[in-house]
file input-v2.cif (mmCIF, C-alpha atoms and all ligand atoms)
data_my_file
#
loop_
_atom_site.label_atom_id
_atom_site.label_comp_id
_atom_site.auth_asym_id
_atom_site.auth_seq_id
_atom_site.Cartn_x
_atom_site.Cartn_y
_atom_site.Cartn_z
CA MET A 37 16.22 30.78 16.72
CA ASP A 38 15.58 27.36 15.26
CA GLU A 39 13.08 27.34 12.40
CA LEU A 40 11.82 23.83 13.23
CA LEU A 41 8.34 23.96 14.81
CA LEU A 42 8.36 22.04 18.10
CA LEU A 43 4.70 21.21 18.70
CA ILE A 44 3.75 19.71 22.06
CA VAL A 45 0.34 18.03 22.25
CA CYS A 46 -0.90 17.25 25.77
CA SER A 47 -4.15 15.92 27.19
CA PRO A 48 -5.51 13.58 29.81
CA SER A 49 -5.35 9.99 28.59
CA GLY A 50 -8.33 9.22 26.35
CA ALA A 51 -9.10 12.82 25.27
CA GLY A 52 -7.99 11.99 21.73
CA LYS A 53 -4.49 13.37 21.23
CA THR A 54 -3.25 10.25 19.42
CA THR A 55 -6.22 10.39 17.04
CA LEU A 56 -5.72 14.12 16.46
CA THR A 57 -1.95 13.95 15.97
CA ARG A 58 -2.29 11.03 13.52
CA ARG A 59 -4.73 13.09 11.45
CA LEU A 60 -2.49 16.13 11.61
CA LEU A 61 0.52 14.16 10.39
CA ALA A 62 -1.50 12.59 7.57
CA GLU A 63 -2.66 16.04 6.45
CA LEU A 64 0.65 17.87 6.79
CA PRO A 65 3.56 15.79 5.48
CA GLU A 66 5.98 18.60 6.35
CA LEU A 67 5.61 17.48 9.97
CA THR A 68 7.00 14.36 11.61
CA PHE A 69 6.05 12.52 14.79
CA SER A 70 8.55 12.25 17.62
CA VAL A 71 8.60 8.53 18.43
CA SER A 72 9.04 8.25 22.20
CA HIS A 73 10.75 5.47 24.12
CA THR A 74 8.63 3.72 26.73
CA THR A 75 8.82 0.86 29.20
CA ARG A 76 5.05 0.22 28.69
CA GLY A 77 4.15 -2.90 26.74
CA PRO A 78 2.66 -2.41 23.23
CA ARG A 79 -1.12 -2.40 22.74
CA ALA A 80 -2.50 -4.82 20.14
CA ASN A 81 -2.63 -2.14 17.42
CA GLU A 82 0.76 -0.54 18.14
CA VAL A 83 3.87 -0.97 16.01
CA GLN A 84 7.44 -1.04 17.37
CA GLY A 85 9.41 1.97 16.12
CA LYS A 86 6.31 3.71 14.73
CA ASP A 87 4.05 4.35 17.74
CA TYR A 88 6.83 3.97 20.32
CA HIS A 89 10.25 2.44 20.79
CA PHE A 90 9.20 -0.22 23.32
CA ILE A 91 12.21 -0.96 25.52
CA PRO A 92 12.96 -2.73 28.80
CA ARG A 93 13.39 -0.67 31.96
CA GLU A 94 17.16 -1.31 32.14
CA THR A 95 17.63 0.04 28.60
CA PHE A 96 15.59 3.13 29.53
CA GLU A 97 17.68 3.69 32.67
CA GLY A 98 20.88 3.40 30.61
CA MET A 99 19.62 6.08 28.21
CA VAL A 100 18.79 8.36 31.15
CA ALA A 101 22.27 7.84 32.62
CA ARG A 102 23.91 8.68 29.26
CA GLY A 103 21.81 11.87 28.95
CA GLU A 104 20.15 10.70 25.73
CA PHE A 105 16.71 12.13 26.53
CA ALA A 106 15.58 15.70 25.80
CA GLU A 107 12.91 14.97 28.44
CA TRP A 108 11.57 11.96 30.28
CA ALA A 109 8.99 11.24 33.00
CA GLU A 110 7.11 8.52 34.83
CA VAL A 111 3.49 8.47 33.67
CA HIS A 112 0.82 6.05 34.92
CA GLY A 113 3.51 3.75 36.38
CA ASN A 114 5.71 3.52 33.25
CA PHE A 115 8.65 5.52 31.97
CA TYR A 116 8.36 7.60 28.80
CA GLY A 117 10.99 9.78 27.13
CA THR A 118 11.83 11.82 24.04
CA SER A 119 15.35 11.10 22.79
CA SER A 120 17.36 14.06 21.51
CA ALA A 121 17.97 11.90 18.43
CA GLU A 122 14.27 12.23 17.47
CA ILE A 123 14.58 16.01 17.25
CA ALA A 124 17.82 15.69 15.27
CA ARG A 125 16.09 13.25 12.89
CA ALA A 126 13.35 15.79 12.10
CA LYS A 127 16.05 18.27 11.08
CA THR A 128 18.06 15.87 8.93
CA GLU A 129 14.85 14.76 7.18
CA GLY A 130 14.19 18.41 6.27
CA LYS A 131 10.86 18.56 8.11
CA ARG A 132 9.30 21.89 9.10
CA GLY A 133 7.97 20.64 12.42
CA VAL A 134 8.03 17.81 14.93
CA VAL A 135 5.04 16.74 17.04
CA PHE A 136 5.51 15.55 20.63
CA ASP A 137 2.68 13.52 22.19
CA ILE A 138 3.87 13.89 25.79
CA ASP A 139 2.47 14.59 29.27
CA TYR A 140 2.69 17.89 31.17
CA GLN A 141 5.92 16.89 32.93
CA GLY A 142 7.58 16.38 29.55
CA ALA A 143 6.02 19.60 28.21
CA ARG A 144 7.64 21.53 31.05
CA GLN A 145 11.07 20.07 30.26
CA ILE A 146 10.83 20.72 26.50
CA GLN A 147 9.65 24.29 27.14
CA ALA A 148 12.56 24.88 29.52
CA LYS A 149 15.03 23.70 26.86
CA PHE A 150 13.37 25.24 23.80
CA LYS A 151 11.69 28.58 24.54
CA GLU A 152 10.07 28.67 21.10
CA ALA A 153 8.19 25.36 21.58
CA VAL A 154 4.41 25.64 21.03
CA GLY A 155 2.01 23.75 23.28
CA VAL A 156 -1.55 22.59 22.61
CA PHE A 157 -3.78 21.11 25.31
CA ILE A 158 -6.63 18.85 24.20
CA LEU A 159 -9.70 18.88 26.47
CA PRO A 160 -12.43 16.23 26.44
CA PRO A 161 -15.97 17.67 26.08
CA SER A 162 -16.82 16.25 29.56
CA LEU A 163 -15.44 13.83 32.15
CA GLU A 164 -18.24 11.36 31.35
CA GLU A 165 -17.20 11.35 27.69
CA LEU A 166 -13.54 10.96 28.69
CA GLU A 167 -14.38 7.82 30.67
CA ARG A 168 -16.46 6.49 27.77
CA ARG A 169 -13.51 7.01 25.39
CA LEU A 170 -11.05 5.32 27.74
CA ARG A 171 -13.35 2.29 27.86
CA GLY A 172 -14.25 2.48 24.17
CA ARG A 173 -10.60 2.17 23.19
CA ALA A 174 -10.89 -1.42 24.50
CA THR A 175 -7.13 -1.91 24.63
CA ASP A 176 -6.44 -1.46 28.35
CA ALA A 177 -7.32 -3.55 31.41
CA GLU A 178 -9.96 -2.23 33.84
CA ASP A 179 -7.40 -1.25 36.53
CA VAL A 180 -5.37 0.65 33.90
CA ILE A 181 -8.51 2.51 32.74
CA ARG A 182 -9.39 3.43 36.35
CA ARG A 183 -5.86 4.64 37.09
CA ARG A 184 -5.80 6.79 33.96
CA PHE A 185 -9.26 8.26 34.62
CA ALA A 186 -8.32 9.04 38.24
CA LYS A 187 -5.34 11.07 36.96
CA ALA A 188 -7.40 13.08 34.44
CA LEU A 189 -8.06 16.05 36.74
CA VAL A 190 -4.37 16.32 37.72
CA GLU A 191 -3.51 16.49 34.03
CA ILE A 192 -6.27 19.02 33.23
CA GLU A 193 -5.03 21.22 36.11
CA HIS A 194 -1.83 21.72 34.10
CA TYR A 195 -3.56 23.28 31.08
CA PRO A 196 -2.03 26.74 31.84
CA LEU A 197 1.38 25.38 30.79
CA LEU A 198 0.22 25.20 27.16
CA ASP A 199 -0.45 28.02 24.66
CA TYR A 200 -3.62 26.73 22.96
CA LEU A 201 -6.71 24.88 24.19
CA ILE A 202 -8.78 22.70 21.86
CA VAL A 203 -11.96 20.88 22.91
CA ASN A 204 -12.13 17.53 21.15
CA ASP A 205 -15.90 17.17 20.83
CA ASP A 206 -16.33 16.77 17.09
CA ILE A 207 -13.19 15.20 15.63
CA ASP A 208 -13.36 17.09 12.32
CA ARG A 209 -13.73 20.47 14.02
CA ALA A 210 -11.01 19.75 16.58
CA SER A 211 -8.56 18.53 13.96
CA GLY A 212 -9.34 21.63 11.86
CA GLU A 213 -8.41 23.80 14.84
CA LEU A 214 -5.18 21.90 15.43
CA ARG A 215 -4.26 22.25 11.75
CA SER A 216 -4.98 26.00 11.93
CA VAL A 217 -2.67 26.40 14.92
CA VAL A 218 0.14 24.65 13.04
CA ARG A 219 -0.41 26.62 9.85
CA ALA A 220 -0.33 29.91 11.75
CA GLU A 221 2.77 28.93 13.73
CA LEU A 222 4.57 27.93 10.52
CA CYS A 223 3.89 31.46 9.17
CA ARG A 224 5.47 33.25 12.15
CA ARG A 225 7.64 36.09 10.93
CA TRP A 226 10.82 34.91 12.65
CA ARG A 227 10.38 31.46 11.13
CA MET A 228 9.75 32.82 7.64
CA ALA A 229 12.24 35.72 7.78
CA PRO A 230 14.96 33.84 5.84
CA ARG A 231 12.57 33.71 2.83
CA ALA A 232 12.09 37.47 2.88
CA GLU A 233 15.80 38.05 3.41
CA ALA A 234 16.67 35.81 0.46
CA LEU A 235 14.49 37.95 -1.82
CA LEU A 236 16.12 41.13 -0.54
CA ARG A 237 19.60 39.70 -1.16
CA LYS A 238 18.68 38.81 -4.77
CA LYS A 239 17.47 42.35 -5.46
CA GLY A 240 20.58 44.06 -4.12
P1 LIG B 301 -5.28 9.68 23.83
O1 LIG B 301 -4.18 9.52 22.83
O2 LIG B 301 -5.47 11.10 24.24
O3 LIG B 301 -5.13 8.76 25.01
P2 LIG B 301 -6.96 8.45 21.75
O4 LIG B 301 -6.63 9.24 20.56
O5 LIG B 301 -6.40 7.06 21.88
O6 LIG B 301 -6.65 9.27 23.11
O7 LIG B 301 -8.56 8.41 21.85
C1 LIG B 301 -9.24 7.65 22.85
C2 LIG B 301 -10.51 7.01 22.22
O8 LIG B 301 -11.44 8.06 21.90
C3 LIG B 301 -10.22 6.28 20.91
O9 LIG B 301 -11.01 5.11 20.88
C4 LIG B 301 -10.65 7.27 19.83
O10 LIG B 301 -11.07 6.62 18.66
C5 LIG B 301 -11.81 8.01 20.51
N1 LIG B 301 -11.96 9.41 20.06
C6 LIG B 301 -10.99 10.32 19.82
N2 LIG B 301 -11.52 11.53 19.44
C7 LIG B 301 -12.87 11.35 19.46
C8 LIG B 301 -14.00 12.22 19.16
N3 LIG B 301 -13.85 13.52 18.81
N4 LIG B 301 -15.24 11.71 19.29
C9 LIG B 301 -15.42 10.41 19.67
N5 LIG B 301 -14.42 9.53 19.95
C10 LIG B 301 -13.16 9.99 19.85
P1 LIG B 302 -0.03 6.05 26.45
O1 LIG B 302 0.47 4.98 27.37
O2 LIG B 302 -1.54 6.21 26.49
O3 LIG B 302 0.50 5.92 25.04
O4 LIG B 302 0.56 7.44 26.98
C1 LIG B 302 0.37 7.80 28.33
C2 LIG B 302 0.84 9.21 28.56
O5 LIG B 302 2.26 9.30 28.38
C3 LIG B 302 0.23 10.23 27.59
O6 LIG B 302 -0.11 11.40 28.35
C4 LIG B 302 1.35 10.53 26.65
O7 LIG B 302 1.25 11.84 26.11
C5 LIG B 302 2.54 10.43 27.58
N1 LIG B 302 3.79 10.24 26.84
C6 LIG B 302 4.01 9.52 25.71
N2 LIG B 302 5.30 9.63 25.32
C7 LIG B 302 5.91 10.45 26.21
C8 LIG B 302 7.24 10.96 26.33
O8 LIG B 302 8.14 10.70 25.53
N3 LIG B 302 7.47 11.77 27.38
C9 LIG B 302 6.53 12.11 28.30
N4 LIG B 302 6.87 12.93 29.29
N5 LIG B 302 5.26 11.65 28.22
C10 LIG B 302 4.96 10.83 27.18
#
call {"tool": "encode", "arguments": {"input": "input-v2.cif", "output": "structure tokens", "more": "lines below"}}
Ligand code: ADP
Ligand code: 5GP
result
Amino acid sequence: MDELLLLIVCSPSGAGKTTLTRRLLAELPELTFSVSHTTRGPRANEVQGKDYHFIPRETFEGMVARGEFAEWAEVHGNFYGTSSAEIARAKTEGKRGVVFDIDYQGARQIQAKFKEAVGVFILPPSLEELERRLRGRATDAEDVIRRRFAKALVEIEHYPLLDYLIVNDDIDRASGELRSVVRAELCRRWRMAPRAEALLRKKG
């Protein structure tokens, strides 16, 4: 089995997964973020190549045709995908884990390909708070906010696909829980077995 931790983080839009994954990556430099490709336009605060690879639809379709995505899906009217190259990059950079900020359709595809992938679902404390956060982000147009909020229950219905559930009420507590999940997963016996085996080989 591959020792690289494949961590899927899912939530309805606005629940806080971007905020939580950014914190996680700042705290644990042994992880890297899987930069997705998308046909959505960048928000004012987003950086090309860091938050997403923003690409035209034709380029996305070409990548699909060439089988370059480990998973891809249409979400809120745009295409999003994880290139296999992003997973390869994490390995060549010597990282211990890679974090995927993807929707439940992508989670399903990654889990089908990589049985050892670990999934975390982020819940908002309430639907009222979710709507407040979508508006508070102040980066999307009103119709985009409405469309995303309308889809929230469909996304929450898919929580059973993931292994862990974290309620993002207080950001410090929620990010502590996410960090704990990662730390525990990195200590799994099968992932750490080569360290034990190396000691045994030295003794013999
Ligand atoms: P997502 O990536 O799930 O769409 P974001 O991380 O962009 O969500 O968060 C949506 C908005 O909610 C942002 O303005 C963010 O600052 C805010 N937010 C995130 N977590 C919390 C929290 N625990 N309490 C209050 N506001 C939060
Ligand atoms: P946003 O437009 O707010 O950045 O993301 C919208 C939704 O698309 C979120 O649920 C996010 O997790 C999801 N998403 C982002 N990148 C990918 C990806 O590569 N694949 C899939 N399937 N979903 C993605």
call {"tool": "closest_residue", "arguments": {"input": "input-v2.cif", "among": "A:Arg125, A:Lys151, A:Lys53, A:Arg132", "to": "Arg219 in chain A", "atoms": "only C-alpha atoms"}}
result
A:Arg132
call {"tool": "closest_residue", "arguments": {"input": "input-v2.cif", "among": "A:Gly155, A:Gly50, A:Gly117, A:Gly130", "to": "ligand LIG 302 (chain B)", "atoms": "only C-alpha atoms and all ligand atoms"}}
result
A:Gly117
call {"tool": "closest_atom_pairs", "arguments": {"input": "input-v2.cif", "of": "chain A", "to": "ligand LIG 301 (chain B)", "cutoff": "10 Å", "atoms": "only C-alpha atoms and all ligand atoms", "output": "JSON lines"}}
result
{"residue": "A:Val45", "atom": "CA", "partner": "B:LIG301", "partner_atom": "O2", "distance": 9.3}
{"residue": "A:Cys46", "atom": "CA", "partner": "B:LIG301", "partner_atom": "O2", "distance": 7.8}
{"residue": "A:Ser47", "atom": "CA", "partner": "B:LIG301", "partner_atom": "O2", "distance": 5.8}
{"residue": "A:Pro48", "atom": "CA", "partner": "B:LIG301", "partner_atom": "O2", "distance": 6.1}
{"residue": "A:Ser49", "atom": "CA", "partner": "B:LIG301", "partner_atom": "O3", "distance": 3.8}
{"residue": "A:Gly50", "atom": "CA", "partner": "B:LIG301", "partner_atom": "O3", "distance": 3.5}
{"residue": "A:Ala51", "atom": "CA", "partner": "B:LIG301", "partner_atom": "O2", "distance": 4.1}
{"residue": "A:Gly52", "atom": "CA", "partner": "B:LIG301", "partner_atom": "O4", "distance": 3.3}
{"residue": "A:Lys53", "atom": "CA", "partner": "B:LIG301", "partner_atom": "O2", "distance": 3.9}
{"residue": "A:Thr54", "atom": "CA", "partner": "B:LIG301", "partner_atom": "O1", "distance": 3.6}
{"residue": "A:Thr55", "atom": "CA", "partner": "B:LIG301", "partner_atom": "O4", "distance": 3.7}
{"residue": "A:Leu56", "atom": "CA", "partner": "B:LIG301", "partner_atom": "O4", "distance": 6.4}
{"residue": "A:Thr57", "atom": "CA", "partner": "B:LIG301", "partner_atom": "O4", "distance": 8.1}
{"residue": "A:Arg58", "atom": "CA", "partner": "B:LIG301", "partner_atom": "O4", "distance": 8.5}
{"residue": "A:Asp137", "atom": "CA", "partner": "B:LIG301", "partner_atom": "O1", "distance": 8.0}
{"residue": "A:Ile138", "atom": "CA", "partner": "B:LIG301", "partner_atom": "O1", "distance": 9.6}
{"residue": "A:Ile158", "atom": "CA", "partner": "B:LIG301", "partner_atom": "O2", "distance": 7.8}
{"residue": "A:Leu159", "atom": "CA", "partner": "B:LIG301", "partner_atom": "O2", "distance": 9.1}
{"residue": "A:Pro160", "atom": "CA", "partner": "B:LIG301", "partner_atom": "N3", "distance": 8.2}
{"residue": "A:Pro161", "atom": "CA", "partner": "B:LIG301", "partner_atom": "N3", "distance": 8.6}
{"residue": "A:Glu165", "atom": "CA", "partner": "B:LIG301", "partner_atom": "C9", "distance": 8.3}
{"residue": "A:Leu166", "atom": "CA", "partner": "B:LIG301", "partner_atom": "O8", "distance": 7.7}
{"residue": "A:Glu167", "atom": "CA", "partner": "B:LIG301", "partner_atom": "O8", "distance": 9.3}
{"residue": "A:Arg168", "atom": "CA", "partner": "B:LIG301", "partner_atom": "O8", "distance": 7.9}
{"residue": "A:Arg169", "atom": "CA", "partner": "B:LIG301", "partner_atom": "O8", "distance": 4.2}
{"residue": "A:Leu170", "atom": "CA", "partner": "B:LIG301", "partner_atom": "C1", "distance": 5.7}
{"residue": "A:Arg171", "atom": "CA", "partner": "B:LIG301", "partner_atom": "O9", "distance": 7.9}
{"residue": "A:Gly172", "atom": "CA", "partner": "B:LIG301", "partner_atom": "O9", "distance": 5.3}
{"residue": "A:Arg173", "atom": "CA", "partner": "B:LIG301", "partner_atom": "O9", "distance": 3.8}
{"residue": "A:Ala174", "atom": "CA", "partner": "B:LIG301", "partner_atom": "O9", "distance": 7.5}
{"residue": "A:Thr175", "atom": "CA", "partner": "B:LIG301", "partner_atom": "O9", "distance": 8.9}
{"residue": "A:Arg184", "atom": "CA", "partner": "B:LIG301", "partner_atom": "O3", "distance": 9.2}
{"residue": "A:Val203", "atom": "CA", "partner": "B:LIG301", "partner_atom": "N3", "distance": 8.6}
{"residue": "A:Asn204", "atom": "CA", "partner": "B:LIG301", "partner_atom": "N3", "distance": 5.0}
{"residue": "A:Asp205", "atom": "CA", "partner": "B:LIG301", "partner_atom": "N3", "distance": 4.6}
{"residue": "A:Asp206", "atom": "CA", "partner": "B:LIG301", "partner_atom": "N3", "distance": 4.4}
{"residue": "A:Ile207", "atom": "CA", "partner": "B:LIG301", "partner_atom": "N3", "distance": 3.7}
{"residue": "A:Asp208", "atom": "CA", "partner": "B:LIG301", "partner_atom": "N3", "distance": 7.4}
{"residue": "A:Arg209", "atom": "CA", "partner": "B:LIG301", "partner_atom": "N3", "distance": 8.4}
{"residue": "A:Ala210", "atom": "CA", "partner": "B:LIG301", "partner_atom": "N3", "distance": 7.2}
{"residue": "A:Ser211", "atom": "CA", "partner": "B:LIG301", "partner_atom": "N3", "distance": 8.8}
call {"tool": "closest_residue", "arguments": {"input": "input-v2.cif", "among": "A:Gln84, A:Thr118, A:Ser216, A:Thr75", "to": "ligand LIG 302 (chain B)", "atoms": "all atoms listed in the file"}}
result
A:Thr118
call {"tool": "atom_distance", "arguments": {"input": "input-v2.cif", "atom1": "CA of Ala153 in chain A", "atom2": "CA of Arg76 in chain A"}}
result
26.3 Å
